[in-house]
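What follows is a single structure, written as structure tokens, with notes after it.
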Amino acid sequence: MRIHLQPATPEDAPEIAMLRNRISAVQTTLHGTGHWSGAATEKGVLFNMRTSRVLVARGESGIIATLRLGTKKPWAIDKSYFTLCEKPLYLTDMAVVPELQRQGIGRLCLEEMLRIAREWPADAIRLDAYDATAGAGEFYRRCGFREVGRVVYRNTPLIFFETLL
């Protein structure tokens, strides 16, 4: 299987928000209320499209995965944990349709995202993941991201990851 990530369009915003809300609902059902329980809106997705690159993977039934790459550091990231570099990108808002999770789609999306980031050009990808049962830390570790630190931000334990390009 191959995944092709492409830039999202404004017409994709409702479907992206719906996918992110489905993930949030699943995580909340499985793990209780937490920072993962927030609601995505079409307006928020459109804002993200103006300030960063929102990418989507499409399947027969529509969008099957999405992620966002940006040059602006997210609020919870502490740069002091990361390797000094000139052009880091930050990965946020990754989501795969619940029915397709654990089938390699997330890993394929990350591989394609790394290819895109190298062409950007960028020299590192940084991200944070919840350090909880609802978190994706082990997933990012298995995909080759290196853990560079752990913090508690606003009562939420986070793991910082990076991969150098």
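Letters for chains follow the order of the structure tokens (A, B, ...), residue numbers begin at 1 for each chain, and ligand numbers begin at 1 in the order shown.
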Contacts of Arg115 (chain A) at 12 Å (only C-alpha atoms; same-chain gap of 5+ positions) as a JSON list (two decimals) with N, CA and C atoms, in the first residue's frame:
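Saved as result10.json:
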[["chain", "number", "residue", "atom", "x", "y", "z"],
["A", 3, "ILE", "N", 0.69, 5.59, 0.37],
["A", 3, "ILE", "CA", -0.13, 6.73, 0.78],
["A", 3, "ILE", "C", 0.37, 7.95, 0.05],
["A", 4, "HIS", "N", -0.54, 8.71, -0.51],
["A", 4, "HIS", "CA", -0.17, 9.98, -1.13],
["A", 4, "HIS", "C", -0.83, 11.11, -0.33],
["A", 5, "LEU", "N", 0.01, 11.89, 0.34],
["A", 5, "LEU", "CA", -0.50, 13.07, 1.04],
["A", 5, "LEU", "C", -0.55, 14.22, 0.07],
["A", 108, "LEU", "N", 2.67, 4.97, 7.09],
["A", 108, "LEU", "CA", 2.83, 5.39, 5.70],
["A", 108, "LEU", "C", 2.68, 6.90, 5.56],
["A", 109, "CYS", "N", 1.76, 7.47, 6.32],
["A", 109, "CYS", "CA", 1.60, 8.94, 6.30],
["A", 109, "CYS", "C", 2.87, 9.62, 6.80],
["A", 110, "LEU", "N", 3.46, 9.09, 7.86],
["A", 110, "LEU", "CA", 4.70, 9.68, 8.39],
["A", 110, "LEU", "C", 5.83, 9.56, 7.38],
["A", 120, "TRP", "N", 10.82, 20.57, 1.52],
["A", 120, "TRP", "CA", 10.30, 21.88, 1.99],
["A", 120, "TRP", "C", 11.30, 22.99, 1.77],
["A", 121, "PRO", "N", 12.53, 23.05, 2.17],
["A", 121, "PRO", "CA", 13.33, 22.10, 2.92],
["A", 121, "PRO", "C", 13.23, 22.34, 4.42],
["A", 122, "ALA", "N", 13.40, 21.27, 5.15],
["A", 122, "ALA", "CA", 13.44, 21.32, 6.61],
["A", 122, "ALA", "C", 14.59, 20.46, 7.08],
["A", 123, "ASP", "N", 15.04, 20.68, 8.32],
["A", 123, "ASP", "CA", 16.13, 19.85, 8.82],
["A", 123, "ASP", "C", 15.72, 19.01, 10.03],
["A", 124, "ALA", "N", 14.48, 19.14, 10.50],
["A", 124, "ALA", "CA", 13.99, 18.31, 11.61],
["A", 124, "ALA", "C", 12.47, 18.37, 11.66],
["A", 125, "ILE", "N", 11.90, 17.29, 12.19],
["A", 125, "ILE", "CA", 10.47, 17.27, 12.50],
["A", 125, "ILE", "C", 10.39, 17.11, 14.01],
["A", 165, "LEU", "N", 16.42, 15.37, 9.64],
["A", 165, "LEU", "CA", 16.32, 15.04, 8.22],
["A", 165, "LEU", "C", 17.67, 15.17, 7.53]]
Picked from region 84-156 of chain A by DSSP as strand (DSSP E or B), as a tab-separated table (two decimals) with C-alpha atoms, in the first residue's frame:
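Okay, this is what ended up in result-v7.tsv:
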chain	number	residue	atom	x	y	z
A	88	PRO	CA	12.44	22.67	12.12
A	89	LEU	CA	8.89	21.72	11.24
A	90	TYR	CA	6.26	20.82	13.81
A	91	LEU	CA	3.86	17.92	13.29
A	92	THR	CA	0.41	18.32	14.86
A	93	ASP	CA	-3.17	17.16	14.42
A	94	MET	CA	-2.40	13.74	12.97
A	95	ALA	CA	-5.50	11.57	12.66
A	96	VAL	CA	-6.39	8.32	10.90
A	124	ALA	CA	13.99	18.31	11.61
A	125	ILE	CA	10.47	17.27	12.50
A	126	ARG	CA	9.37	17.91	16.09
A	127	LEU	CA	6.22	16.88	17.90
A	128	ASP	CA	4.72	16.18	21.27
A	129	ALA	CA	2.54	13.25	22.28
A	130	TYR	CA	0.49	12.62	25.39
A	146	ARG	CA	13.65	9.87	18.99
A	147	GLU	CA	12.38	10.83	22.42
A	148	VAL	CA	14.17	13.99	23.56
A	149	GLY	CA	12.30	14.88	26.74
A	150	ARG	CA	9.30	14.61	29.01
A	151	VAL	CA	7.44	17.46	30.66
A	152	VAL	CA	4.16	18.22	32.36
A	153	TYR	CA	2.39	21.12	30.70
A	156	THR	CA	-0.71	17.06	31.03
| request: Quick one: pick out all alpha helix (DSSP H) residues within region 37-149 of chain A from a backbone DSSP run and write them as JSON, numbers by chain. | output: {"A": [42, 43, 44, 45, 46, 47, 48, 49, 50, 51, 105, 106, 107, 108, 109, 110, 111, 112, 113, 114, 115, 116, 117, 118, 119, 137, 138, 139, 140, 141, 142]}
Those residues you just picked out, can you put them in a file as a compact mmCIF listing (two decimals), in the first residue's frame with N, CA and C atoms?
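Just written: result18.txt:
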# COMPACT_ATOMS: atom_id res chain seq x y z
N GLU A 42 -14.69 23.54 11.70
CA GLU A 42 -14.35 23.88 10.31
C GLU A 42 -13.56 25.19 10.28
N LYS A 43 -13.97 26.16 11.07
CA LYS A 43 -13.28 27.45 11.13
C LYS A 43 -11.83 27.26 11.60
N GLY A 44 -11.61 26.41 12.61
CA GLY A 44 -10.27 26.14 13.09
C GLY A 44 -9.40 25.46 12.03
N VAL A 45 -9.97 24.51 11.30
CA VAL A 45 -9.23 23.84 10.23
C VAL A 45 -8.86 24.84 9.14
N LEU A 46 -9.77 25.73 8.78
CA LEU A 46 -9.47 26.74 7.76
C LEU A 46 -8.36 27.67 8.24
N PHE A 47 -8.37 28.03 9.53
CA PHE A 47 -7.29 28.85 10.08
C PHE A 47 -5.96 28.10 9.95
N ASN A 48 -5.97 26.81 10.31
CA ASN A 48 -4.75 26.01 10.19
C ASN A 48 -4.24 25.97 8.76
N MET A 49 -5.13 25.93 7.79
CA MET A 49 -4.73 25.92 6.38
C MET A 49 -4.03 27.23 5.99
N ARG A 50 -4.42 28.32 6.63
CA ARG A 50 -3.79 29.62 6.32
C ARG A 50 -2.44 29.77 6.99
N THR A 51 -2.20 29.08 8.11
CA THR A 51 -0.99 29.29 8.89
C THR A 51 0.02 28.15 8.79
N ILE A 105 -1.42 2.67 8.10
CA ILE A 105 -1.68 3.93 7.40
C ILE A 105 -0.96 5.10 8.07
N GLY A 106 -0.96 5.15 9.40
CA GLY A 106 -0.26 6.21 10.09
C GLY A 106 1.23 6.21 9.77
N ARG A 107 1.84 5.03 9.79
CA ARG A 107 3.26 4.91 9.46
C ARG A 107 3.52 5.38 8.02
N LEU A 108 2.67 4.97 7.09
CA LEU A 108 2.83 5.39 5.70
C LEU A 108 2.68 6.90 5.56
N CYS A 109 1.76 7.47 6.32
CA CYS A 109 1.60 8.94 6.30
C CYS A 109 2.87 9.62 6.80
N LEU A 110 3.46 9.09 7.86
CA LEU A 110 4.70 9.68 8.39
C LEU A 110 5.83 9.56 7.38
N GLU A 111 5.94 8.43 6.69
CA GLU A 111 6.98 8.27 5.68
C GLU A 111 6.81 9.29 4.55
N GLU A 112 5.59 9.47 4.10
CA GLU A 112 5.31 10.45 3.05
C GLU A 112 5.54 11.88 3.57
N MET A 113 5.16 12.14 4.81
CA MET A 113 5.38 13.45 5.41
C MET A 113 6.87 13.78 5.47
N LEU A 114 7.72 12.79 5.80
CA LEU A 114 9.16 13.01 5.84
C LEU A 114 9.70 13.36 4.46
N ARG A 115 9.19 12.70 3.44
CA ARG A 115 9.61 13.03 2.06
C ARG A 115 9.24 14.47 1.73
N ILE A 116 8.03 14.87 2.07
CA ILE A 116 7.58 16.24 1.82
C ILE A 116 8.43 17.23 2.60
N ALA A 117 8.74 16.92 3.85
CA ALA A 117 9.52 17.83 4.69
C ALA A 117 10.93 18.03 4.13
N ARG A 118 11.53 16.98 3.59
CA ARG A 118 12.87 17.12 3.00
C ARG A 118 12.84 18.05 1.80
N GLU A 119 11.74 18.06 1.06
CA GLU A 119 11.61 18.94 -0.11
C GLU A 119 11.25 20.36 0.29
N GLY A 137 2.82 8.01 21.96
CA GLY A 137 4.26 7.96 22.11
C GLY A 137 4.89 6.71 21.55
N GLU A 138 4.34 5.55 21.86
CA GLU A 138 4.92 4.30 21.37
C GLU A 138 4.85 4.23 19.84
N PHE A 139 3.78 4.74 19.25
CA PHE A 139 3.66 4.77 17.79
C PHE A 139 4.80 5.57 17.18
N TYR A 140 5.06 6.78 17.69
CA TYR A 140 6.12 7.61 17.13
C TYR A 140 7.48 6.96 17.34
N ARG A 141 7.69 6.31 18.47
CA ARG A 141 8.94 5.60 18.73
C ARG A 141 9.14 4.49 17.69
N ARG A 142 8.11 3.70 17.45
CA ARG A 142 8.20 2.62 16.46
C ARG A 142 8.43 3.14 15.05
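Between Arg22 (chain A) and the candidates A:Pro98, A:Ala132, A:Lys72, A:Gln103, the tightest atom-to-atom separation, counting only C-alpha atoms, involves A:Pro98.
CA of Leu100 (chain A) to CA of Thr28 (chain A) spans 18.2 Å [interatomic distance, one decimal].
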| task | Tell me, in Å to one decimal, how far CA of Arg58 (chain A) is from CA of Arg2 (chain A). | result | 11.1 Å
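Omitting region 23-26 of chain A and its sequence neighbours fewer than 5 positions away, and counting only C-alpha atoms, the residues within 12 Å are Ile16, Ala17, Met18, His31, Gly32, Thr33, Gly34, His35, Trp36, Ser37, Gly38, Ala39, Ala40, Ile64, Ala65, Thr66, Asp93, Met94, Ala95, Val96, Val97, Pro98, Glu99, Leu100, Gln101, Ala134 and Gly135 of chain A.
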Saved selection, atoms kept: N, CA and C atoms, as an mmCIF file, in the first residue's frame:
data_model
loop_
_atom_site.group_PDB
_atom_site.id
_atom_site.type_symbol
_atom_site.label_atom_id
_atom_site.label_comp_id
_atom_site.auth_asym_id
_atom_site.auth_seq_id
_atom_site.Cartn_x
_atom_site.Cartn_y
_atom_site.Cartn_z
ATOM 1 N N ILE A 16 -12.326 17.161 7.514
ATOM 2 C CA ILE A 16 -11.179 17.085 8.430
ATOM 3 C C ILE A 16 -11.652 17.302 9.866
ATOM 4 N N ALA A 17 -12.472 18.307 10.079
ATOM 5 C CA ALA A 17 -12.995 18.564 11.427
ATOM 6 C C ALA A 17 -13.787 17.358 11.924
ATOM 7 N N MET A 18 -14.589 16.755 11.062
ATOM 8 C CA MET A 18 -15.383 15.591 11.447
ATOM 9 C C MET A 18 -14.459 14.421 11.819
ATOM 10 N N HIS A 31 -10.516 6.402 27.068
ATOM 11 C CA HIS A 31 -9.573 6.850 28.084
ATOM 12 C C HIS A 31 -10.113 7.922 29.022
ATOM 13 N N GLY A 32 -11.365 8.286 28.859
ATOM 14 C CA GLY A 32 -11.925 9.342 29.691
ATOM 15 C C GLY A 32 -11.584 10.720 29.142
ATOM 16 N N THR A 33 -12.110 11.724 29.780
ATOM 17 C CA THR A 33 -11.901 13.094 29.339
ATOM 18 C C THR A 33 -10.463 13.521 29.581
ATOM 19 N N GLY A 34 -9.903 14.211 28.601
ATOM 20 C CA GLY A 34 -8.538 14.720 28.692
ATOM 21 C C GLY A 34 -8.326 15.782 27.623
ATOM 22 N N HIS A 35 -7.084 16.180 27.447
ATOM 23 C CA HIS A 35 -6.803 17.190 26.426
ATOM 24 C C HIS A 35 -7.164 16.710 25.017
ATOM 25 N N TRP A 36 -7.239 15.413 24.824
ATOM 26 C CA TRP A 36 -7.622 14.838 23.544
ATOM 27 C C TRP A 36 -9.120 14.977 23.292
ATOM 28 N N SER A 37 -9.869 15.476 24.263
ATOM 29 C CA SER A 37 -11.326 15.545 24.155
ATOM 30 C C SER A 37 -11.838 16.820 23.503
ATOM 31 N N GLY A 38 -10.962 17.689 23.077
ATOM 32 C CA GLY A 38 -11.385 18.950 22.477
ATOM 33 C C GLY A 38 -12.065 18.754 21.134
ATOM 34 N N ALA A 39 -12.874 19.719 20.775
ATOM 35 C CA ALA A 39 -13.607 19.656 19.515
ATOM 36 C C ALA A 39 -12.907 20.483 18.441
ATOM 37 N N ALA A 40 -12.822 19.906 17.251
ATOM 38 C CA ALA A 40 -12.301 20.625 16.089
ATOM 39 C C ALA A 40 -13.470 21.287 15.368
ATOM 40 N N ILE A 64 -8.949 9.664 4.597
ATOM 41 C CA ILE A 64 -8.697 8.576 5.540
ATOM 42 C C ILE A 64 -7.659 8.969 6.603
ATOM 43 N N ALA A 65 -6.923 10.052 6.344
ATOM 44 C CA ALA A 65 -5.929 10.513 7.317
ATOM 45 C C ALA A 65 -5.611 11.978 7.044
ATOM 46 N N THR A 66 -5.176 12.656 8.100
ATOM 47 C CA THR A 66 -4.778 14.050 7.966
ATOM 48 C C THR A 66 -3.673 14.348 8.969
ATOM 49 N N ASP A 93 -1.837 17.506 14.932
ATOM 50 C CA ASP A 93 -3.170 17.160 14.423
ATOM 51 C C ASP A 93 -3.198 15.936 13.506
ATOM 52 N N MET A 94 -2.371 14.950 13.789
ATOM 53 C CA MET A 94 -2.399 13.744 12.970
ATOM 54 C C MET A 94 -3.593 12.894 13.381
ATOM 55 N N ALA A 95 -4.321 12.401 12.397
ATOM 56 C CA ALA A 95 -5.498 11.570 12.662
ATOM 57 C C ALA A 95 -5.697 10.585 11.521
ATOM 58 N N VAL A 96 -6.053 9.359 11.871
ATOM 59 C CA VAL A 96 -6.392 8.320 10.903
ATOM 60 C C VAL A 96 -7.793 7.839 11.242
ATOM 61 N N VAL A 97 -8.612 7.618 10.240
ATOM 62 C CA VAL A 97 -9.974 7.115 10.438
ATOM 63 C C VAL A 97 -9.919 5.936 11.410
ATOM 64 N N PRO A 98 -10.753 5.940 12.446
ATOM 65 C CA PRO A 98 -10.675 4.888 13.471
ATOM 66 C C PRO A 98 -10.713 3.463 12.914
ATOM 67 N N GLU A 99 -11.543 3.204 11.922
ATOM 68 C CA GLU A 99 -11.674 1.846 11.376
ATOM 69 C C GLU A 99 -10.403 1.387 10.653
ATOM 70 N N LEU A 100 -9.533 2.333 10.285
ATOM 71 C CA LEU A 100 -8.319 1.992 9.541
ATOM 72 C C LEU A 100 -7.052 2.064 10.394
ATOM 73 N N GLN A 101 -7.212 2.378 11.674
ATOM 74 C CA GLN A 101 -6.041 2.436 12.540
ATOM 75 C C GLN A 101 -5.457 1.049 12.743
ATOM 76 N N ALA A 134 -3.902 7.354 26.284
ATOM 77 C CA ALA A 134 -4.480 7.950 25.075
ATOM 78 C C ALA A 134 -3.408 8.504 24.147
ATOM 79 N N GLY A 135 -2.170 8.478 24.574
ATOM 80 C CA GLY A 135 -1.084 9.068 23.798
ATOM 81 C C GLY A 135 -0.550 8.145 22.715
#
| field | CA of Thr41 (chain A) to CA of Arg20 (chain A), straight-line distance in Å | value | 9.0 Å
